$ cat query.csv   # CSV, N, CA and C atoms
chain,number,residue,atom,x,y,z
A,215,GLN,N,-55.7,-38.4,-3.6
A,215,GLN,CA,-57.1,-38.4,-4.1
A,215,GLN,C,-57.0,-38.1,-5.6
A,216,VAL,N,-57.7,-38.8,-6.4
A,216,VAL,CA,-57.7,-38.6,-7.8
A,216,VAL,C,-59.0,-37.9,-8.2
A,217,GLN,N,-59.0,-36.9,-9.1
A,217,GLN,CA,-60.2,-36.3,-9.6
A,217,GLN,C,-60.3,-36.7,-11.1
A,218,LEU,N,-61.4,-37.1,-11.5
A,218,LEU,CA,-61.7,-37.4,-12.9
A,218,LEU,C,-62.7,-36.5,-13.5
A,219,VAL,N,-62.3,-35.9,-14.6
A,219,VAL,CA,-63.2,-34.9,-15.3
A,219,VAL,C,-63.5,-35.4,-16.7
A,220,GLU,N,-64.8,-35.6,-16.9
A,220,GLU,CA,-65.2,-36.1,-18.2
A,220,GLU,C,-65.7,-35.0,-19.1
A,221,SER,N,-65.6,-35.1,-20.4
A,221,SER,CA,-66.0,-34.1,-21.3
A,221,SER,C,-66.3,-34.8,-22.7
A,222,GLY,N,-66.9,-34.1,-23.6
A,222,GLY,CA,-67.1,-34.5,-24.9
A,222,GLY,C,-68.5,-35.0,-25.3
A,223,GLY,N,-69.4,-35.0,-24.3
A,223,GLY,CA,-70.8,-35.4,-24.5
A,223,GLY,C,-71.5,-34.3,-25.3
A,224,GLY,N,-72.7,-34.7,-25.7
A,224,GLY,CA,-73.6,-33.7,-26.5
A,224,GLY,C,-74.8,-34.4,-27.0
A,225,LEU,N,-75.4,-33.7,-27.9
A,225,LEU,CA,-76.6,-34.2,-28.6
A,225,LEU,C,-76.2,-34.6,-30.0
A,226,VAL,N,-76.6,-35.8,-30.4
A,226,VAL,CA,-76.2,-36.3,-31.7
A,226,VAL,C,-77.4,-37.2,-32.2
A,227,GLN,N,-77.5,-37.2,-33.5
A,227,GLN,CA,-78.5,-38.1,-34.1
A,227,GLN,C,-78.1,-39.5,-34.2
A,228,ALA,N,-79.1,-40.4,-34.2
A,228,ALA,CA,-78.8,-41.8,-34.3
A,228,ALA,C,-77.9,-42.1,-35.5
A,229,GLY,N,-76.9,-42.9,-35.3
A,229,GLY,CA,-75.9,-43.2,-36.3
A,229,GLY,C,-74.7,-42.4,-36.2
A,230,GLY,N,-74.8,-41.3,-35.4
A,230,GLY,CA,-73.6,-40.4,-35.3
A,230,GLY,C,-72.6,-40.9,-34.4
A,231,SER,N,-71.5,-40.0,-34.2
A,231,SER,CA,-70.4,-40.4,-33.4
A,231,SER,C,-70.1,-39.3,-32.4
A,232,LEU,N,-69.5,-39.7,-31.3
A,232,LEU,CA,-68.9,-38.8,-30.3
A,232,LEU,C,-67.7,-39.4,-29.7
A,233,LYS,N,-66.8,-38.5,-29.2
A,233,LYS,CA,-65.6,-39.0,-28.5
A,233,LYS,C,-65.5,-38.4,-27.2
A,234,LEU,N,-65.6,-39.2,-26.1
A,234,LEU,CA,-65.5,-38.7,-24.8
A,234,LEU,C,-64.1,-38.8,-24.3
A,235,SER,N,-63.7,-37.8,-23.4
A,235,SER,CA,-62.4,-37.8,-22.8
A,235,SER,C,-62.6,-37.7,-21.3
A,236,CYS,N,-61.6,-38.2,-20.6
A,236,CYS,CA,-61.6,-38.2,-19.2
A,236,CYS,C,-60.2,-37.9,-18.7
A,237,VAL,N,-60.0,-36.8,-18.1
A,237,VAL,CA,-58.7,-36.3,-17.6
A,237,VAL,C,-58.6,-36.5,-16.1
A,238,ALA,N,-57.5,-37.2,-15.7
A,238,ALA,CA,-57.3,-37.4,-14.3
A,238,ALA,C,-56.3,-36.4,-13.7
A,239,SER,N,-56.6,-36.0,-12.5
A,239,SER,CA,-55.8,-34.9,-11.9
A,239,SER,C,-54.4,-35.5,-11.5
A,240,GLY,N,-54.3,-36.8,-11.3
A,240,GLY,CA,-53.0,-37.4,-11.0
A,240,GLY,C,-52.7,-38.4,-12.0
A,241,SER,N,-51.6,-39.1,-11.8
A,241,SER,CA,-51.2,-40.1,-12.8
A,241,SER,C,-52.1,-41.3,-12.8
A,242,ILE,N,-52.4,-41.7,-14.0
A,242,ILE,CA,-53.3,-42.9,-14.1
A,242,ILE,C,-52.5,-44.2,-14.3
A,243,ARG,N,-51.2,-44.0,-14.3
A,243,ARG,CA,-50.3,-45.2,-14.5
A,243,ARG,C,-50.5,-46.2,-13.4
A,244,ARG,N,-50.8,-45.7,-12.2
A,244,ARG,CA,-50.9,-46.6,-11.1
A,244,ARG,C,-52.2,-47.5,-11.1
A,245,PHE,N,-53.2,-47.1,-12.0
A,245,PHE,CA,-54.4,-47.8,-12.0
A,245,PHE,C,-54.3,-48.9,-13.1
A,246,TYR,N,-54.5,-50.1,-12.6
A,246,TYR,CA,-54.4,-51.2,-13.6
A,246,TYR,C,-55.5,-51.1,-14.6
A,247,ALA,N,-56.7,-50.9,-14.2
A,247,ALA,CA,-57.8,-50.8,-15.2
A,247,ALA,C,-58.6,-49.6,-15.0
A,248,LEU,N,-58.9,-49.0,-16.1
A,248,LEU,CA,-59.8,-47.8,-16.1
A,248,LEU,C,-61.0,-48.1,-17.0
A,249,GLY,N,-62.1,-47.5,-16.7
A,249,GLY,CA,-63.3,-47.8,-17.4
A,249,GLY,C,-64.3,-46.7,-17.6
A,250,TRP,N,-65.2,-46.9,-18.5
A,250,TRP,CA,-66.3,-46.0,-18.7
A,250,TRP,C,-67.6,-46.7,-18.2
A,251,TYR,N,-68.5,-46.0,-17.6
A,251,TYR,CA,-69.8,-46.4,-17.1
A,251,TYR,C,-70.8,-45.4,-17.6
A,252,ARG,N,-72.1,-45.8,-17.5
A,252,ARG,CA,-73.1,-44.9,-17.9
A,252,ARG,C,-74.4,-45.2,-17.0
A,253,GLN,N,-75.2,-44.1,-16.9
A,253,GLN,CA,-76.4,-44.2,-16.1
A,253,GLN,C,-77.5,-43.5,-16.9
A,254,ALA,N,-78.5,-44.2,-17.3
A,254,ALA,CA,-79.6,-43.6,-17.9
A,254,ALA,C,-80.7,-43.2,-16.9
A,255,PRO,N,-81.6,-42.3,-17.2
A,255,PRO,CA,-82.6,-41.9,-16.2
A,255,PRO,C,-83.4,-43.1,-15.8
A,256,GLY,N,-83.6,-43.2,-14.5
A,256,GLY,CA,-84.4,-44.2,-13.9
A,256,GLY,C,-83.7,-45.6,-13.9
A,257,LYS,N,-82.5,-45.7,-14.3
A,257,LYS,CA,-81.8,-47.0,-14.4
A,257,LYS,C,-80.5,-47.0,-13.5
A,258,GLN,N,-80.0,-48.2,-13.2
A,258,GLN,CA,-78.8,-48.3,-12.5
A,258,GLN,C,-77.6,-48.0,-13.4
A,259,ARG,N,-76.5,-47.6,-12.7
A,259,ARG,CA,-75.3,-47.5,-13.5
A,259,ARG,C,-74.8,-48.8,-14.1
A,260,GLU,N,-74.3,-48.7,-15.3
A,260,GLU,CA,-73.9,-50.0,-15.9
A,260,GLU,C,-72.5,-49.8,-16.5
A,261,PHE,N,-71.8,-50.9,-16.6
A,261,PHE,CA,-70.4,-50.9,-17.1
A,261,PHE,C,-70.5,-50.8,-18.7
A,262,VAL,N,-69.6,-50.0,-19.2
A,262,VAL,CA,-69.6,-49.9,-20.7
A,262,VAL,C,-68.3,-50.5,-21.3
A,263,ALA,N,-67.1,-50.1,-20.7
A,263,ALA,CA,-65.9,-50.6,-21.3
A,263,ALA,C,-64.8,-50.4,-20.3
A,264,ARG,N,-63.7,-51.2,-20.4
A,264,ARG,CA,-62.6,-51.1,-19.5
A,264,ARG,C,-61.3,-51.3,-20.4
A,265,ILE,N,-60.2,-50.8,-19.8
A,265,ILE,CA,-58.9,-51.0,-20.5
A,265,ILE,C,-57.8,-51.1,-19.4
A,266,SER,N,-57.0,-52.1,-19.6
A,266,SER,CA,-55.9,-52.4,-18.6
A,266,SER,C,-54.7,-51.5,-18.9
A,267,ASP,N,-53.8,-51.6,-18.0
A,267,ASP,CA,-52.6,-50.8,-18.3
A,267,ASP,C,-51.8,-51.3,-19.5
A,268,GLY,N,-52.0,-52.5,-19.8
A,268,GLY,CA,-51.4,-53.1,-21.0
A,268,GLY,C,-52.1,-52.9,-22.2
A,269,GLY,N,-53.3,-52.3,-22.1
A,269,GLY,CA,-54.1,-52.0,-23.3
A,269,GLY,C,-55.2,-53.1,-23.7
A,270,SER,N,-55.3,-54.1,-22.8
A,270,SER,CA,-56.4,-55.0,-23.1
A,270,SER,C,-57.7,-54.4,-22.8
A,271,THR,N,-58.7,-54.7,-23.7
A,271,THR,CA,-60.0,-54.0,-23.5
A,271,THR,C,-61.1,-55.0,-23.4
A,272,THR,N,-62.2,-54.6,-22.7
A,272,THR,CA,-63.4,-55.4,-22.5
A,272,THR,C,-64.6,-54.5,-22.7
A,273,TYR,N,-65.6,-55.0,-23.4
A,273,TYR,CA,-66.8,-54.1,-23.6
A,273,TYR,C,-68.1,-54.9,-23.2
A,274,ALA,N,-69.1,-54.1,-22.8
A,274,ALA,CA,-70.4,-54.6,-22.6
A,274,ALA,C,-70.9,-55.0,-24.0
A,275,ASP,N,-71.7,-56.1,-24.0
A,275,ASP,CA,-72.3,-56.6,-25.2
A,275,ASP,C,-73.0,-55.6,-26.0
A,276,SER,N,-73.7,-54.7,-25.3
A,276,SER,CA,-74.5,-53.7,-26.0
A,276,SER,C,-73.7,-52.7,-26.8
A,277,VAL,N,-72.4,-52.5,-26.5
A,277,VAL,CA,-71.6,-51.5,-27.3
A,277,VAL,C,-70.5,-52.2,-28.1
A,278,LYS,N,-70.3,-53.5,-28.0
A,278,LYS,CA,-69.3,-54.2,-28.7
A,278,LYS,C,-69.4,-53.9,-30.2
A,279,GLY,N,-68.2,-53.6,-30.7
A,279,GLY,CA,-68.2,-53.3,-32.2
A,279,GLY,C,-68.5,-51.9,-32.6
A,280,ARG,N,-69.1,-51.1,-31.6
A,280,ARG,CA,-69.4,-49.7,-31.9
A,280,ARG,C,-68.6,-48.7,-31.1
A,281,PHE,N,-68.2,-49.1,-29.9
A,281,PHE,CA,-67.4,-48.2,-29.0
A,281,PHE,C,-65.9,-48.7,-28.9
A,282,ALA,N,-65.0,-47.8,-28.7
A,282,ALA,CA,-63.6,-48.2,-28.5
A,282,ALA,C,-63.0,-47.3,-27.4
A,283,ILE,N,-62.4,-48.0,-26.4
A,283,ILE,CA,-61.8,-47.3,-25.3
A,283,ILE,C,-60.3,-47.3,-25.5
A,284,SER,N,-59.7,-46.2,-25.1
A,284,SER,CA,-58.2,-46.1,-25.2
A,284,SER,C,-57.7,-45.2,-24.1
A,285,ARG,N,-56.4,-45.3,-23.8
A,285,ARG,CA,-55.8,-44.5,-22.8
A,285,ARG,C,-54.5,-43.9,-23.2
A,286,ASP,N,-54.2,-42.7,-22.7
A,286,ASP,CA,-52.9,-42.1,-23.0
A,286,ASP,C,-52.3,-41.8,-21.6
A,287,ASN,N,-51.4,-42.6,-21.1
A,287,ASN,CA,-50.9,-42.5,-19.8
A,287,ASN,C,-50.1,-41.2,-19.7
A,288,ALA,N,-49.4,-40.8,-20.7
A,288,ALA,CA,-48.6,-39.5,-20.7
A,288,ALA,C,-49.5,-38.3,-20.5
A,289,LYS,N,-50.7,-38.4,-20.9
A,289,LYS,CA,-51.7,-37.3,-20.8
A,289,LYS,C,-52.7,-37.5,-19.7
A,290,ASN,N,-52.5,-38.6,-19.0
A,290,ASN,CA,-53.5,-39.0,-17.9
A,290,ASN,C,-54.9,-38.9,-18.4
A,291,THR,N,-55.1,-39.5,-19.5
A,291,THR,CA,-56.4,-39.3,-20.2
A,291,THR,C,-56.9,-40.7,-20.7
A,292,VAL,N,-58.2,-40.9,-20.5
A,292,VAL,CA,-58.9,-42.1,-21.1
A,292,VAL,C,-59.9,-41.6,-22.1
A,293,TYR,N,-60.1,-42.3,-23.2
A,293,TYR,CA,-61.0,-41.9,-24.2
A,293,TYR,C,-62.1,-43.0,-24.4
A,294,LEU,N,-63.2,-42.5,-25.0
A,294,LEU,CA,-64.2,-43.5,-25.4
A,294,LEU,C,-64.8,-43.0,-26.8
A,295,GLN,N,-64.4,-43.6,-27.8
A,295,GLN,CA,-64.9,-43.3,-29.1
A,295,GLN,C,-66.2,-44.1,-29.3
A,296,MET,N,-67.3,-43.4,-29.6
A,296,MET,CA,-68.6,-44.0,-29.8
A,296,MET,C,-69.1,-43.7,-31.2
A,297,ASN,N,-69.3,-44.8,-31.9
A,297,ASN,CA,-69.8,-44.8,-33.3
A,297,ASN,C,-71.2,-45.5,-33.3
A,298,SER,N,-71.9,-45.2,-34.4
A,298,SER,CA,-73.2,-45.8,-34.7
A,298,SER,C,-74.1,-45.7,-33.4
A,299,LEU,N,-74.1,-44.5,-32.9
A,299,LEU,CA,-74.9,-44.3,-31.7
A,299,LEU,C,-76.4,-44.6,-31.9
A,300,LYS,N,-77.0,-45.1,-30.8
A,300,LYS,CA,-78.4,-45.4,-30.8
A,300,LYS,C,-79.1,-44.7,-29.7
A,301,PRO,N,-80.4,-44.4,-29.8
A,301,PRO,CA,-81.1,-43.7,-28.7
A,301,PRO,C,-80.9,-44.4,-27.4
A,302,GLU,N,-80.8,-45.7,-27.3
A,302,GLU,CA,-80.6,-46.4,-26.1
A,302,GLU,C,-79.2,-46.1,-25.5
A,303,ASP,N,-78.3,-45.5,-26.2
A,303,ASP,CA,-77.0,-45.1,-25.6
A,303,ASP,C,-77.2,-43.8,-24.8
A,304,THR,N,-78.3,-43.1,-24.8
A,304,THR,CA,-78.5,-41.9,-24.1
A,304,THR,C,-78.3,-42.2,-22.6
A,305,ALA,N,-77.4,-41.4,-22.0
A,305,ALA,CA,-77.1,-41.6,-20.5
A,305,ALA,C,-76.1,-40.5,-20.1
A,306,VAL,N,-75.8,-40.5,-18.9
A,306,VAL,CA,-74.6,-39.7,-18.4
A,306,VAL,C,-73.5,-40.7,-18.3
A,307,TYR,N,-72.4,-40.4,-18.9
A,307,TYR,CA,-71.2,-41.3,-19.0
A,307,TYR,C,-70.2,-40.8,-18.0
A,308,TYR,N,-69.6,-41.8,-17.2
A,308,TYR,CA,-68.6,-41.5,-16.2
A,308,TYR,C,-67.4,-42.4,-16.5
A,309,CYS,N,-66.2,-41.8,-16.2
A,309,CYS,CA,-65.0,-42.7,-16.2
A,309,CYS,C,-64.7,-42.9,-14.7
A,310,ASN,N,-64.0,-44.0,-14.5
A,310,ASN,CA,-63.6,-44.4,-13.1
A,310,ASN,C,-62.6,-45.5,-13.2
A,311,VAL,N,-62.2,-45.9,-12.1
A,311,VAL,CA,-61.3,-47.1,-12.1
A,311,VAL,C,-62.2,-48.3,-12.1
A,312,VAL,N,-61.6,-49.5,-12.3
A,312,VAL,CA,-62.4,-50.8,-12.3
A,312,VAL,C,-61.8,-51.6,-11.2
A,313,PRO,N,-62.6,-52.0,-10.2
A,313,PRO,CA,-64.0,-51.7,-10.1
A,313,PRO,C,-64.3,-50.2,-9.6
A,314,PHE,N,-65.5,-49.8,-9.8
A,314,PHE,CA,-65.9,-48.4,-9.6
A,314,PHE,C,-65.7,-48.0,-8.2
A,315,ILE,N,-65.1,-46.8,-8.0
A,315,ILE,CA,-64.9,-46.3,-6.6
A,315,ILE,C,-65.6,-44.9,-6.6
A,316,SER,N,-66.7,-44.9,-5.7
A,316,SER,CA,-67.5,-43.7,-5.7
A,316,SER,C,-66.7,-42.4,-5.4
A,317,ALA,N,-65.7,-42.5,-4.6
A,317,ALA,CA,-64.9,-41.3,-4.2
A,317,ALA,C,-64.2,-40.7,-5.4
A,318,TYR,N,-64.0,-41.5,-6.4
A,318,TYR,CA,-63.3,-40.9,-7.6
A,318,TYR,C,-64.3,-40.4,-8.6
A,319,SER,N,-65.6,-40.6,-8.4
A,319,SER,CA,-66.6,-40.2,-9.5
A,319,SER,C,-66.7,-38.8,-9.7
A,320,GLY,N,-66.7,-38.4,-11.0
A,320,GLY,CA,-66.8,-37.0,-11.4
A,320,GLY,C,-68.3,-36.7,-11.7
A,321,GLN,N,-68.5,-35.6,-12.4
A,321,GLN,CA,-69.8,-35.1,-12.7
A,321,GLN,C,-70.4,-35.9,-13.9
A,322,GLY,N,-69.6,-36.5,-14.7
A,322,GLY,CA,-70.0,-37.2,-15.9
A,322,GLY,C,-70.3,-36.2,-17.0
A,323,THR,N,-70.6,-36.8,-18.2
A,323,THR,CA,-70.9,-36.0,-19.3
A,323,THR,C,-72.1,-36.6,-20.0
A,324,GLN,N,-73.1,-35.7,-20.3
A,324,GLN,CA,-74.3,-36.2,-20.9
A,324,GLN,C,-74.2,-36.5,-22.4
A,325,VAL,N,-74.7,-37.7,-22.7
A,325,VAL,CA,-74.8,-38.0,-24.1
A,325,VAL,C,-76.3,-38.3,-24.4
A,326,THR,N,-76.8,-37.6,-25.4
A,326,THR,CA,-78.2,-37.7,-25.8
A,326,THR,C,-78.2,-38.0,-27.3
A,327,VAL,N,-78.9,-39.2,-27.6
A,327,VAL,CA,-79.0,-39.6,-29.0
A,327,VAL,C,-80.4,-39.5,-29.5
A,328,SER,N,-80.7,-38.7,-30.5
A,328,SER,CA,-82.0,-38.6,-30.9
A,328,SER,C,-82.3,-39.5,-32.1
A,329,SER,N,-83.6,-40.0,-32.2
A,329,SER,CA,-83.9,-40.9,-33.2
A,329,SER,C,-84.4,-40.2,-34.5

$ encode --input "query.csv" --output "structure tokens"
Amino acid sequence: QVQLVESGGGLVQAGGSLKLSCVASGSIRRFYALGWYRQAPGKQREFVARISDGGSTTYADSVKGRFAISRDNAKNTVYLQMNSLKPEDTAVYYCNVVPFISAYSGQGTQVTVSS
């Protein structure tokens, strides 16, 4: 069983930046693709970004050009660099495998962007 622990969220003004981290309790090398998801109040969870074991990345249109996902297999960690943040980026952010597996879901980290 893999446990994923997210951190790095916080309150930031529009236009600001945050870097999220996700540490896995076990090796992430076995996962072909890892991703970040988010869920805003009253909305369904949505895909944000994914990265393959080879480093290929995919982004949701809403974050393309502003967010960057990366992974460090040696540290069992996945990162999400978020720049030019907008109020509509406010949500709880989760990391998980792709596709999402509920059993692996952590508590998430809250990101709040003020206007």

$ residues_around --input "query.csv" --residues "range 267-284 of chain A" --least-positions-apart "2" --cutoff "8 Å" --atoms "all atoms listed in the file" --output "ChimeraX atom specification"
/A:242-248,250,261-265,286-287,291-299

$ atom_distance --input "query.csv" --atom1 "atom C of Ala238 in chain A" --atom2 "atom N of Val306 in chain A"
20.6 Å

$ residues_around --input "query.csv" --residues "Thr323 in chain A" --least-positions-apart "3" --cutoff "6 Å" --atoms "all atoms listed in the file" --output "list in words"
Glu220, Ser221, Gly223, Ala305, Val306, Tyr307 and Tyr308 of chain A

$ closest_residue --input "query.csv" --among "A:Thr304, A:Gln258, A:Ser241, A:Gln321" --to "Leu218 in chain A" --atoms "all atoms listed in the file"
A:Gln321

$ closest_residue --input "query.csv" --among "A:Ser266, A:Gly249, A:Ala288, A:Ser328" --to "Val311 in chain A" --atoms "all atoms listed in the file"
A:Gly249

$ atom_distance --input "query.csv" --atom1 "atom N of Asp303 in chain A" --atom2 "atom C of Ser319 in chain A"
21.3 Å

$ atom_distance --input "query.csv" --atom1 "CA of Val327 in chain A" --atom2 "CA of Val226 in chain A"
5.1 Å

$ closest_residue --input "query.csv" --among "A:Pro255, A:Gly240, A:Gly320, A:Pro313" --to "Lys289 in chain A" --atoms "only C-alpha atoms"
A:Gly240

$ closest_residue --input "query.csv" --among "A:Leu234, A:Glu302, A:Ala317, A:Gly229" --to "Gln217 in chain A" --atoms "only N, CA and C atoms"
A:Ala317

$ select_by_dssp --input "query.csv" --residues "chain A" --states "strand (DSSP E or B)" --output "VMD selection string"
chain A and resid 218 to 221 224 to 227 232 to 238 247 to 253 260 to 266 271 to 273 281 to 286 291 to 296 305 to 311 323 to 328
